[in-house]
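Okay, data07.tsv is below, TSV, N, CA and C atoms:
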```
chain	number	residue	atom	x	y	z
Q	55	MET	N	53.35	33.81	-2.03
Q	55	MET	CA	54.52	34.57	-2.42
Q	55	MET	C	54.94	35.42	-1.25
Q	56	ASP	N	56.18	35.39	-0.97
Q	56	ASP	CA	56.72	36.20	0.11
Q	56	ASP	C	57.41	37.40	-0.52
Q	57	GLY	N	56.91	38.56	-0.26
Q	57	GLY	CA	57.52	39.75	-0.82
Q	57	GLY	C	56.64	40.38	-1.88
Q	58	VAL	N	57.03	41.55	-2.29
Q	58	VAL	CA	56.29	42.30	-3.28
Q	58	VAL	C	57.26	42.73	-4.37
Q	59	HIS	N	56.80	42.68	-5.59
Q	59	HIS	CA	57.63	43.14	-6.68
Q	59	HIS	C	56.86	44.21	-7.43
Q	60	GLU	N	57.51	45.28	-7.76
Q	60	GLU	CA	56.86	46.43	-8.38
Q	60	GLU	C	56.41	46.18	-9.82
Q	61	THR	N	57.07	45.26	-10.54
Q	61	THR	CA	56.75	45.13	-11.96
Q	61	THR	C	56.39	43.71	-12.40
Q	62	VAL	N	56.36	42.74	-11.50
Q	62	VAL	CA	55.99	41.37	-11.86
Q	62	VAL	C	54.89	40.90	-10.90
Q	63	ASP	N	53.81	40.35	-11.48
Q	63	ASP	CA	52.73	39.77	-10.68
Q	63	ASP	C	52.85	38.25	-10.74
Q	64	VAL	N	52.55	37.58	-9.60
Q	64	VAL	CA	52.69	36.13	-9.53
Q	64	VAL	C	51.46	35.54	-8.85
Q	65	TRP	N	50.94	34.45	-9.44
Q	65	TRP	CA	49.86	33.68	-8.86
Q	65	TRP	C	50.30	32.22	-8.82
Q	66	VAL	N	49.90	31.50	-7.77
Q	66	VAL	CA	50.21	30.08	-7.66
Q	66	VAL	C	48.88	29.33	-7.55
Q	67	VAL	N	48.72	28.32	-8.41
Q	67	VAL	CA	47.51	27.51	-8.42
Q	67	VAL	C	47.92	26.07	-8.16
Q	68	ARG	N	47.37	25.50	-7.10
Q	68	ARG	CA	47.72	24.13	-6.75
Q	68	ARG	C	46.61	23.20	-7.19
Q	69	GLY	N	46.96	22.22	-8.02
Q	69	GLY	CA	46.03	21.19	-8.45
Q	69	GLY	C	46.20	19.96	-7.59
Q	70	ARG	N	45.50	18.92	-7.92
Q	70	ARG	CA	45.59	17.68	-7.13
Q	70	ARG	C	47.00	17.11	-7.15
Q	71	ASP	N	47.60	17.07	-8.35
Q	71	ASP	CA	48.94	16.48	-8.50
Q	71	ASP	C	49.93	17.44	-9.14
Q	72	SER	N	49.63	18.73	-9.15
Q	72	SER	CA	50.52	19.67	-9.82
Q	72	SER	C	50.39	21.06	-9.21
Q	73	VAL	N	51.35	21.89	-9.58
Q	73	VAL	CA	51.33	23.30	-9.20
Q	73	VAL	C	51.66	24.10	-10.45
Q	74	THR	N	50.92	25.19	-10.66
Q	74	THR	CA	51.22	26.10	-11.77
Q	74	THR	C	51.49	27.47	-11.18
Q	75	VAL	N	52.60	28.06	-11.60
Q	75	VAL	CA	52.96	29.42	-11.20
Q	75	VAL	C	52.77	30.28	-12.44
Q	76	LEU	N	51.90	31.27	-12.35
Q	76	LEU	CA	51.65	32.18	-13.46
Q	76	LEU	C	52.28	33.52	-13.14
Q	77	LEU	N	53.12	34.00	-14.07
Q	77	LEU	CA	53.79	35.29	-13.89
Q	77	LEU	C	53.40	36.21	-15.03
Q	78	THR	N	53.18	37.48	-14.72
Q	78	THR	CA	52.94	38.47	-15.75
Q	78	THR	C	53.83	39.68	-15.47
Q	79	LYS	N	54.31	40.26	-16.54
Q	79	LYS	CA	55.09	41.49	-16.43
Q	79	LYS	C	54.48	42.50	-17.37
Q	80	PRO	N	53.47	43.22	-16.88
Q	80	PRO	CA	52.83	44.23	-17.72
Q	80	PRO	C	53.74	45.44	-17.89
Q	81	CYS	N	53.19	46.51	-18.36
Q	81	CYS	CA	53.97	47.75	-18.50
Q	81	CYS	C	54.62	48.08	-17.16
Q	82	ALA	N	55.75	48.68	-17.21
Q	82	ALA	CA	56.45	49.05	-15.98
Q	82	ALA	C	55.64	50.09	-15.22
Q	83	ALA	N	55.69	49.98	-13.90
Q	83	ALA	CA	55.03	50.97	-13.06
Q	83	ALA	C	55.77	52.30	-13.19
Q	84	ARG	N	55.10	53.35	-12.81
Q	84	ARG	CA	55.74	54.66	-12.88
Q	84	ARG	C	57.08	54.67	-12.17
Q	85	ARG	N	58.00	55.38	-12.75
Q	85	ARG	CA	59.34	55.56	-12.19
Q	85	ARG	C	60.14	54.25	-12.11
Q	86	HIS	N	59.72	53.24	-12.86
Q	86	HIS	CA	60.49	52.00	-12.92
Q	86	HIS	C	60.93	51.78	-14.36
Q	87	PRO	N	62.18	51.41	-14.56
Q	87	PRO	CA	62.66	51.19	-15.93
Q	87	PRO	C	61.98	49.96	-16.55
Q	88	ILE	N	61.83	49.99	-17.87
Q	88	ILE	CA	61.28	48.84	-18.58
Q	88	ILE	C	62.45	47.93	-18.91
Q	89	GLU	N	62.57	46.86	-18.15
Q	89	GLU	CA	63.70	45.95	-18.35
Q	89	GLU	C	63.31	44.54	-17.93
Q	90	THR	N	64.13	43.58	-18.31
Q	90	THR	CA	63.91	42.20	-17.91
Q	90	THR	C	64.19	42.05	-16.42
Q	91	GLU	N	63.30	41.32	-15.74
Q	91	GLU	CA	63.46	41.08	-14.31
Q	91	GLU	C	63.74	39.60	-14.08
Q	92	SER	N	64.66	39.30	-13.18
Q	92	SER	CA	64.92	37.93	-12.77
Q	92	SER	C	64.05	37.64	-11.56
Q	93	VAL	N	63.23	36.59	-11.66
Q	93	VAL	CA	62.30	36.25	-10.58
Q	93	VAL	C	62.74	34.94	-9.96
Q	94	ASP	N	62.96	34.95	-8.66
Q	94	ASP	CA	63.32	33.77	-7.90
Q	94	ASP	C	62.08	33.29	-7.17
Q	95	ILE	N	61.67	32.05	-7.42
Q	95	ILE	CA	60.46	31.49	-6.83
Q	95	ILE	C	60.87	30.34	-5.93
Q	96	GLN	N	60.30	30.32	-4.73
Q	96	GLN	CA	60.55	29.24	-3.79
Q	96	GLN	C	59.20	28.70	-3.32
Q	97	LEU	N	58.94	27.42	-3.61
Q	97	LEU	CA	57.70	26.78	-3.22
Q	97	LEU	C	57.99	25.73	-2.17
Q	98	THR	N	57.25	25.79	-1.07
Q	98	THR	CA	57.43	24.82	0.01
Q	98	THR	C	56.21	23.91	0.09
Q	99	GLY	N	56.37	22.80	0.79
Q	99	GLY	CA	55.26	21.88	0.98
Q	99	GLY	C	55.00	20.98	-0.20
Q	100	LEU	N	55.98	20.81	-1.07
Q	100	LEU	CA	55.83	19.96	-2.25
Q	100	LEU	C	56.72	18.73	-2.15
Q	101	LEU	N	56.33	17.69	-2.87
Q	101	LEU	CA	57.24	16.57	-3.07
Q	101	LEU	C	58.19	16.98	-4.19
Q	102	SER	N	59.33	16.38	-4.25
Q	102	SER	CA	60.27	16.70	-5.32
Q	102	SER	C	59.63	16.42	-6.67
Q	103	PRO	N	59.58	17.41	-7.57
Q	103	PRO	CA	58.92	17.20	-8.86
Q	103	PRO	C	59.77	16.35	-9.79
Q	104	CYS	N	59.11	15.68	-10.73
Q	104	CYS	CA	59.82	14.90	-11.75
Q	104	CYS	C	60.28	15.81	-12.87
Q	105	ASN	N	59.38	16.69	-13.29
Q	105	ASN	CA	59.65	17.59	-14.41
Q	105	ASN	C	59.07	18.96	-14.10
Q	106	VAL	N	59.76	19.99	-14.55
Q	106	VAL	CA	59.26	21.35	-14.44
Q	106	VAL	C	59.36	21.96	-15.82
Q	107	TYR	N	58.24	22.54	-16.29
Q	107	TYR	CA	58.18	23.12	-17.63
Q	107	TYR	C	57.81	24.59	-17.58
Q	108	LEU	N	58.30	25.32	-18.56
Q	108	LEU	CA	58.02	26.74	-18.71
Q	108	LEU	C	57.34	26.95	-20.06
Q	109	GLU	N	56.23	27.70	-20.05
Q	109	GLU	CA	55.55	28.11	-21.27
Q	109	GLU	C	55.45	29.63	-21.21
Q	110	ARG	N	55.78	30.31	-22.30
Q	110	ARG	CA	55.80	31.78	-22.24
Q	110	ARG	C	55.30	32.44	-23.51
Q	111	ILE	N	54.86	33.68	-23.31
Q	111	ILE	CA	54.49	34.57	-24.41
Q	111	ILE	C	55.26	35.87	-24.17
Q	112	ASP	N	56.10	36.22	-25.14
Q	112	ASP	CA	56.85	37.46	-25.06
Q	112	ASP	C	57.36	37.80	-26.46
Q	113	ASP	N	58.29	38.71	-26.57
Q	113	ASP	CA	58.80	39.10	-27.89
Q	113	ASP	C	59.39	37.94	-28.69
Q	114	ASN	N	59.93	36.94	-28.00
Q	114	ASN	CA	60.62	35.84	-28.68
Q	114	ASN	C	59.89	34.51	-28.61
Q	115	HIS	N	58.74	34.46	-27.96
Q	115	HIS	CA	57.99	33.21	-27.79
Q	115	HIS	C	56.51	33.46	-28.10
Q	116	ALA	N	55.93	32.57	-28.92
Q	116	ALA	CA	54.50	32.65	-29.26
Q	116	ALA	C	54.14	34.04	-29.75
Q	117	ASN	N	54.91	34.56	-30.72
Q	117	ASN	CA	54.73	35.93	-31.17
Q	117	ASN	C	54.60	35.98	-32.69
Q	118	ALA	N	53.39	35.74	-33.17
Q	118	ALA	CA	53.15	35.79	-34.61
Q	118	ALA	C	53.22	37.22	-35.15
Q	119	LYS	N	52.89	38.19	-34.32
Q	119	LYS	CA	52.92	39.58	-34.79
Q	119	LYS	C	54.33	39.99	-35.22
Q	120	ARG	N	55.31	39.58	-34.46
Q	120	ARG	CA	56.70	39.91	-34.81
Q	120	ARG	C	57.06	39.36	-36.19
Q	121	LEU	N	56.69	38.10	-36.45
Q	121	LEU	CA	56.97	37.50	-37.75
Q	121	LEU	C	56.19	38.23	-38.85
Q	122	TRP	N	54.93	38.57	-38.60
Q	122	TRP	CA	54.12	39.28	-39.59
Q	122	TRP	C	54.77	40.62	-39.96
Q	123	ILE	N	55.30	41.32	-38.97
Q	123	ILE	CA	56.00	42.58	-39.23
Q	123	ILE	C	57.26	42.32	-40.06
Q	124	GLU	N	58.01	41.26	-39.70
Q	124	GLU	CA	59.21	40.92	-40.46
Q	124	GLU	C	58.86	40.53	-41.90
Q	125	MET	N	57.65	40.02	-42.13
Q	125	MET	CA	57.20	39.66	-43.48
Q	125	MET	C	56.81	40.89	-44.29
Q	126	GLY	N	56.77	42.05	-43.63
Q	126	GLY	CA	56.37	43.27	-44.32
Q	126	GLY	C	54.91	43.62	-44.13
Q	127	LYS	N	54.27	43.04	-43.11
Q	127	LYS	CA	52.86	43.29	-42.77
Q	127	LYS	C	51.93	43.01	-43.96
Q	128	PRO	N	52.00	41.83	-44.55
Q	128	PRO	CA	51.16	41.56	-45.72
Q	128	PRO	C	49.67	41.61	-45.37
Q	129	ALA	N	48.91	42.37	-46.18
Q	129	ALA	CA	47.47	42.46	-45.98
Q	129	ALA	C	46.78	41.15	-46.37
Q	130	LEU	N	47.35	40.48	-47.36
Q	130	LEU	CA	46.82	39.19	-47.80
Q	130	LEU	C	47.95	38.17	-47.78
Q	131	PRO	N	48.23	37.60	-46.62
Q	131	PRO	CA	49.34	36.64	-46.54
Q	131	PRO	C	49.04	35.39	-47.38
Q	132	THR	N	50.09	34.83	-47.91
Q	132	THR	CA	49.95	33.59	-48.69
Q	132	THR	C	49.64	32.43	-47.76
Q	133	GLU	N	49.30	31.30	-48.33
Q	133	GLU	CA	49.03	30.12	-47.53
Q	133	GLU	C	50.28	29.72	-46.72
Q	134	ARG	N	51.43	29.83	-47.36
Q	134	ARG	CA	52.69	29.52	-46.66
Q	134	ARG	C	52.92	30.51	-45.51
Q	135	ASP	N	52.64	31.80	-45.75
Q	135	ASP	CA	52.77	32.81	-44.69
Q	135	ASP	C	51.88	32.47	-43.52
Q	136	VAL	N	50.64	32.08	-43.80
Q	136	VAL	CA	49.69	31.74	-42.73
Q	136	VAL	C	50.20	30.54	-41.93
Q	137	GLU	N	50.75	29.56	-42.61
Q	137	GLU	CA	51.32	28.40	-41.91
Q	137	GLU	C	52.47	28.82	-41.00
Q	138	GLN	N	53.34	29.71	-41.50
Q	138	GLN	CA	54.45	30.19	-40.68
Q	138	GLN	C	53.95	31.01	-39.49
Q	139	LEU	N	52.96	31.85	-39.73
Q	139	LEU	CA	52.40	32.66	-38.64
Q	139	LEU	C	51.73	31.77	-37.59
Q	140	HIS	N	51.04	30.75	-38.04
Q	140	HIS	CA	50.43	29.82	-37.10
Q	140	HIS	C	51.50	29.13	-36.25
Q	141	ALA	N	52.56	28.66	-36.90
Q	141	ALA	CA	53.65	28.00	-36.16
Q	141	ALA	C	54.30	28.97	-35.17
Q	142	ALA	N	54.47	30.23	-35.56
Q	142	ALA	CA	55.10	31.22	-34.68
Q	142	ALA	C	54.22	31.58	-33.49
Q	143	SER	N	52.92	31.32	-33.58
Q	143	SER	CA	52.01	31.67	-32.49
Q	143	SER	C	51.89	30.58	-31.44
Q	144	GLN	N	52.46	29.43	-31.69
Q	144	GLN	CA	52.32	28.30	-30.78
Q	144	GLN	C	53.12	28.50	-29.49
Q	145	ILE	N	52.51	28.12	-28.38
Q	145	ILE	CA	53.21	28.15	-27.10
Q	145	ILE	C	54.01	26.85	-26.99
Q	146	VAL	N	55.28	26.98	-26.71
Q	146	VAL	CA	56.18	25.83	-26.64
Q	146	VAL	C	56.49	25.52	-25.18
Q	147	ARG	N	56.38	24.26	-24.84
Q	147	ARG	CA	56.70	23.80	-23.48
Q	147	ARG	C	58.20	23.48	-23.43
Q	148	GLU	N	58.92	24.22	-22.57
Q	148	GLU	CA	60.37	24.06	-22.45
Q	148	GLU	C	60.72	23.57	-21.04
Q	149	PRO	N	61.67	22.66	-20.92
Q	149	PRO	CA	62.10	22.26	-19.58
Q	149	PRO	C	62.73	23.44	-18.85
Q	150	LEU	N	62.50	23.53	-17.56
Q	150	LEU	CA	63.07	24.59	-16.73
Q	150	LEU	C	63.94	23.95	-15.66
Q	151	GLN	N	65.14	24.47	-15.50
Q	151	GLN	CA	66.03	23.95	-14.46
Q	151	GLN	C	65.47	24.31	-13.09
Q	152	TRP	N	65.66	23.40	-12.14
Q	152	TRP	CA	65.15	23.61	-10.80
Q	152	TRP	C	66.07	22.94	-9.80
Q	153	LYS	N	65.89	23.33	-8.55
Q	153	LYS	CA	66.66	22.73	-7.45
Q	153	LYS	C	65.68	22.45	-6.32
Q	154	PHE	N	65.80	21.30	-5.68
Q	154	PHE	CA	64.93	20.93	-4.57
Q	154	PHE	C	65.81	20.67	-3.35
Q	155	GLU	N	65.69	21.53	-2.34
Q	155	GLU	CA	66.50	21.41	-1.13
Q	155	GLU	C	65.62	21.59	0.10
Q	156	ALA	N	65.79	20.71	1.05
Q	156	ALA	CA	65.13	20.84	2.35
Q	156	ALA	C	63.63	21.12	2.21
Q	157	GLY	N	62.98	20.42	1.27
Q	157	GLY	CA	61.54	20.56	1.09
Q	157	GLY	C	61.10	21.81	0.34
Q	158	THR	N	62.05	22.53	-0.27
Q	158	THR	CA	61.72	23.74	-1.00
Q	158	THR	C	62.16	23.61	-2.45
Q	159	LEU	N	61.23	23.91	-3.37
Q	159	LEU	CA	61.54	23.90	-4.79
Q	159	LEU	C	61.98	25.31	-5.17
Q	160	HIS	N	63.17	25.42	-5.74
Q	160	HIS	CA	63.74	26.71	-6.15
Q	160	HIS	C	63.68	26.81	-7.67
Q	161	LEU	N	63.08	27.90	-8.16
Q	161	LEU	CA	62.95	28.15	-9.59
Q	161	LEU	C	63.40	29.57	-9.88
Q	162	GLU	N	63.93	29.78	-11.05
Q	162	GLU	CA	64.29	31.14	-11.47
Q	162	GLU	C	63.90	31.31	-12.93
Q	163	VAL	N	63.27	32.46	-13.22
Q	163	VAL	CA	62.86	32.75	-14.60
Q	163	VAL	C	63.08	34.23	-14.88
Q	164	ALA	N	63.51	34.52	-16.10
Q	164	ALA	CA	63.68	35.91	-16.53
Q	164	ALA	C	62.38	36.35	-17.18
Q	165	MET	N	61.87	37.50	-16.76
Q	165	MET	CA	60.63	38.05	-17.29
Q	165	MET	C	60.91	39.33	-18.04
Q	166	PRO	N	60.91	39.27	-19.39
Q	166	PRO	CA	61.09	40.50	-20.16
Q	166	PRO	C	59.82	41.36	-20.08
Q	167	PRO	N	59.90	42.61	-20.49
Q	167	PRO	CA	58.72	43.48	-20.47
Q	167	PRO	C	57.57	42.87	-21.29
Q	168	HIS	N	56.35	43.09	-20.82
Q	168	HIS	CA	55.12	42.68	-21.51
Q	168	HIS	C	55.09	41.17	-21.73
Q	169	ALA	N	55.48	40.40	-20.73
Q	169	ALA	CA	55.57	38.94	-20.87
Q	169	ALA	C	54.56	38.24	-19.96
Q	170	ILE	N	54.23	37.01	-20.35
Q	170	ILE	CA	53.42	36.11	-19.54
Q	170	ILE	C	54.17	34.78	-19.53
Q	171	ALA	N	54.24	34.15	-18.37
Q	171	ALA	CA	54.90	32.84	-18.28
Q	171	ALA	C	54.12	31.95	-17.33
Q	172	ALA	N	54.08	30.66	-17.65
Q	172	ALA	CA	53.48	29.67	-16.77
Q	172	ALA	C	54.53	28.60	-16.50
Q	173	ILE	N	54.74	28.33	-15.23
Q	173	ILE	CA	55.64	27.26	-14.81
Q	173	ILE	C	54.77	26.15	-14.28
Q	174	ASN	N	54.94	24.96	-14.85
Q	174	ASN	CA	54.15	23.80	-14.42
Q	174	ASN	C	55.06	22.79	-13.75
Q	175	CYS	N	54.69	22.41	-12.54
Q	175	CYS	CA	55.47	21.43	-11.76
Q	175	CYS	C	54.58	20.22	-11.49
```

Encoded form (C-alpha cells):
Amino acid sequence: MDGVHETVDVWVVRGRDSVTVLLTKPCAARRHPIETESVDIQLTGLLSPCNVYLERIDDNHANAKRLWIEMGKPALPTERDVEQLHAASQIVREPLQWKFEAGTLHLEVAMPPHAIAAINC
C-alpha cells in the first residue's frame, strides 16, 4: 500500500493464483469524523483478473443484530426468526467493478464506519 490512511487499515495477501485485499474501518481516530471513506486501491504486478468479488460486514451486510433489533430484540426468537437471523448473518459475495490499465488493477470501495471488507481477485 502506498500511503497512509487515518481511519482505514489495509492488508494484501497474495496466494498462488489469487490476491485478497482485506480492509477494516474501526472506530474513527481522535479528531476524525465518523464517516464513510472511499478507498482507491491500485495493485501492480498482476495479470488481468477474470472476476473481482467483494465480501463485507457492516450495518447493511451480514448483520443479524440489526434484524434482531428490528424484530424487537426477542429473548426467545421463533424458529422462523432464527432462520431469518441466520440468513441475515450470511456474507454475500458481490461482483466489484474494476479497471485494468498498464499492468495495474484499479479498485474502489466505500468503507462505512465499523466495517470489514475482503476483495478477492

From the set Q:Val146, Q:Glu60, Q:Cys175, Q:Ala116, which residue has the shortest atom-to-atom contact distance to Val73 (chain Q), counting all atoms listed in the file?
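Nearest to Val73 (chain Q): Q:Cys175.
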
Which neighbours of Thr78 (chain Q) fall inside 12 Å, counting only C-alpha atoms, when residues of the same chain fewer than 6 positions from it are skipped, and could you give them as a PyMOL selection string?
chain Q and resi 59-66+90-91+93+110-112+163-173

Atomic separation - atom N of Asn174 (chain Q) relative to atom C of Val75 (chain Q), Å:
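Answer for the atom C of Val75 (chain Q) to atom N of Asn174 (chain Q) separation: 6.2 Å.
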
Can you tell me, as a list in words, what residues are no more than 10 Å from Gln138 (chain Q) when counting only C-alpha atoms, ignoring any on the same chain fewer than 6 positions away?
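So, after excluding close chain neighbours, the residues are Ala118, Leu121, Trp122 and Thr132 of chain Q.
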
Determine which residues of region 101-137 of chain Q receive a DSSP assignment of strand (DSSP E or B), computed from the backbone, and state them as a PyMOL selection string.
chain Q and resi 107-112+115

Between CA of Ala129 (chain Q) and atom N of Asp113 (chain Q) - distance in Å to one decimal:
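CA of Ala129 (chain Q) lies 22.5 Å from atom N of Asp113 (chain Q).
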
Identify, with DSSP run on backbone atoms, the residues in chain Q assigned to alpha helix (DSSP H), and express the list as a compact mmCIF listing (two decimals) with N, CA and C atoms, in the coordinates of the input.
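Final output, saved to result.txt:
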```txt
# COMPACT_ATOMS: atom_id res chain seq x y z
N ALA Q 118 53.39 35.74 -33.17
CA ALA Q 118 53.15 35.79 -34.61
C ALA Q 118 53.22 37.22 -35.15
N LYS Q 119 52.89 38.19 -34.32
CA LYS Q 119 52.92 39.58 -34.79
C LYS Q 119 54.33 39.99 -35.22
N ARG Q 120 55.31 39.58 -34.46
CA ARG Q 120 56.70 39.91 -34.81
C ARG Q 120 57.06 39.36 -36.19
N LEU Q 121 56.69 38.10 -36.45
CA LEU Q 121 56.97 37.50 -37.75
C LEU Q 121 56.19 38.23 -38.85
N TRP Q 122 54.93 38.57 -38.60
CA TRP Q 122 54.12 39.28 -39.59
C TRP Q 122 54.77 40.62 -39.96
N ILE Q 123 55.30 41.32 -38.97
CA ILE Q 123 56.00 42.58 -39.23
C ILE Q 123 57.26 42.32 -40.06
N GLU Q 124 58.01 41.26 -39.70
CA GLU Q 124 59.21 40.92 -40.46
C GLU Q 124 58.86 40.53 -41.90
N GLU Q 133 49.30 31.30 -48.33
CA GLU Q 133 49.03 30.12 -47.53
C GLU Q 133 50.28 29.72 -46.72
N ARG Q 134 51.43 29.83 -47.36
CA ARG Q 134 52.69 29.52 -46.66
C ARG Q 134 52.92 30.51 -45.51
N ASP Q 135 52.64 31.80 -45.75
CA ASP Q 135 52.77 32.81 -44.69
C ASP Q 135 51.88 32.47 -43.52
N VAL Q 136 50.64 32.08 -43.80
CA VAL Q 136 49.69 31.74 -42.73
C VAL Q 136 50.20 30.54 -41.93
N GLU Q 137 50.75 29.56 -42.61
CA GLU Q 137 51.32 28.40 -41.91
C GLU Q 137 52.47 28.82 -41.00
N GLN Q 138 53.34 29.71 -41.50
CA GLN Q 138 54.45 30.19 -40.68
C GLN Q 138 53.95 31.01 -39.49
N LEU Q 139 52.96 31.85 -39.73
CA LEU Q 139 52.40 32.66 -38.64
C LEU Q 139 51.73 31.77 -37.59
N HIS Q 140 51.04 30.75 -38.04
CA HIS Q 140 50.43 29.82 -37.10
C HIS Q 140 51.50 29.13 -36.25
N ALA Q 141 52.56 28.66 -36.90
CA ALA Q 141 53.65 28.00 -36.16
C ALA Q 141 54.30 28.97 -35.17
N ALA Q 142 54.47 30.23 -35.56
CA ALA Q 142 55.10 31.22 -34.68
C ALA Q 142 54.22 31.58 -33.49
```

Can you work out the spacing between CA of Pro149 (chain Q) and atom N of Pro103 (chain Q) in Å, to one decimal?
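Taking CA of Pro149 (chain Q) as the start and atom N of Pro103 (chain Q) as the end point, the length is 13.2 Å.
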
Enclose the full set of atoms of region 126-140 of chain Q listed in the file within a box whose edges lie along x, y and z, apply 8 Å of padding to each of the six sides, and report centre and edge lengths in Å to one decimal as JSON.
```
{"center_x": 51.8, "center_y": 36.0, "center_z": -42.5, "size_x": 26.0, "size_y": 31.2, "size_z": 28.4}
```

Check the smallest atom-to-atom distance from each of Q:Leu159, Q:Ala141, Q:Leu150, Q:Met125 to Ser102 (chain Q) using only N, CA and C atoms, then report the winner.
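When distances to Ser102 (chain Q) are compared using only N, CA and C atoms, the smallest one comes from Q:Leu159.
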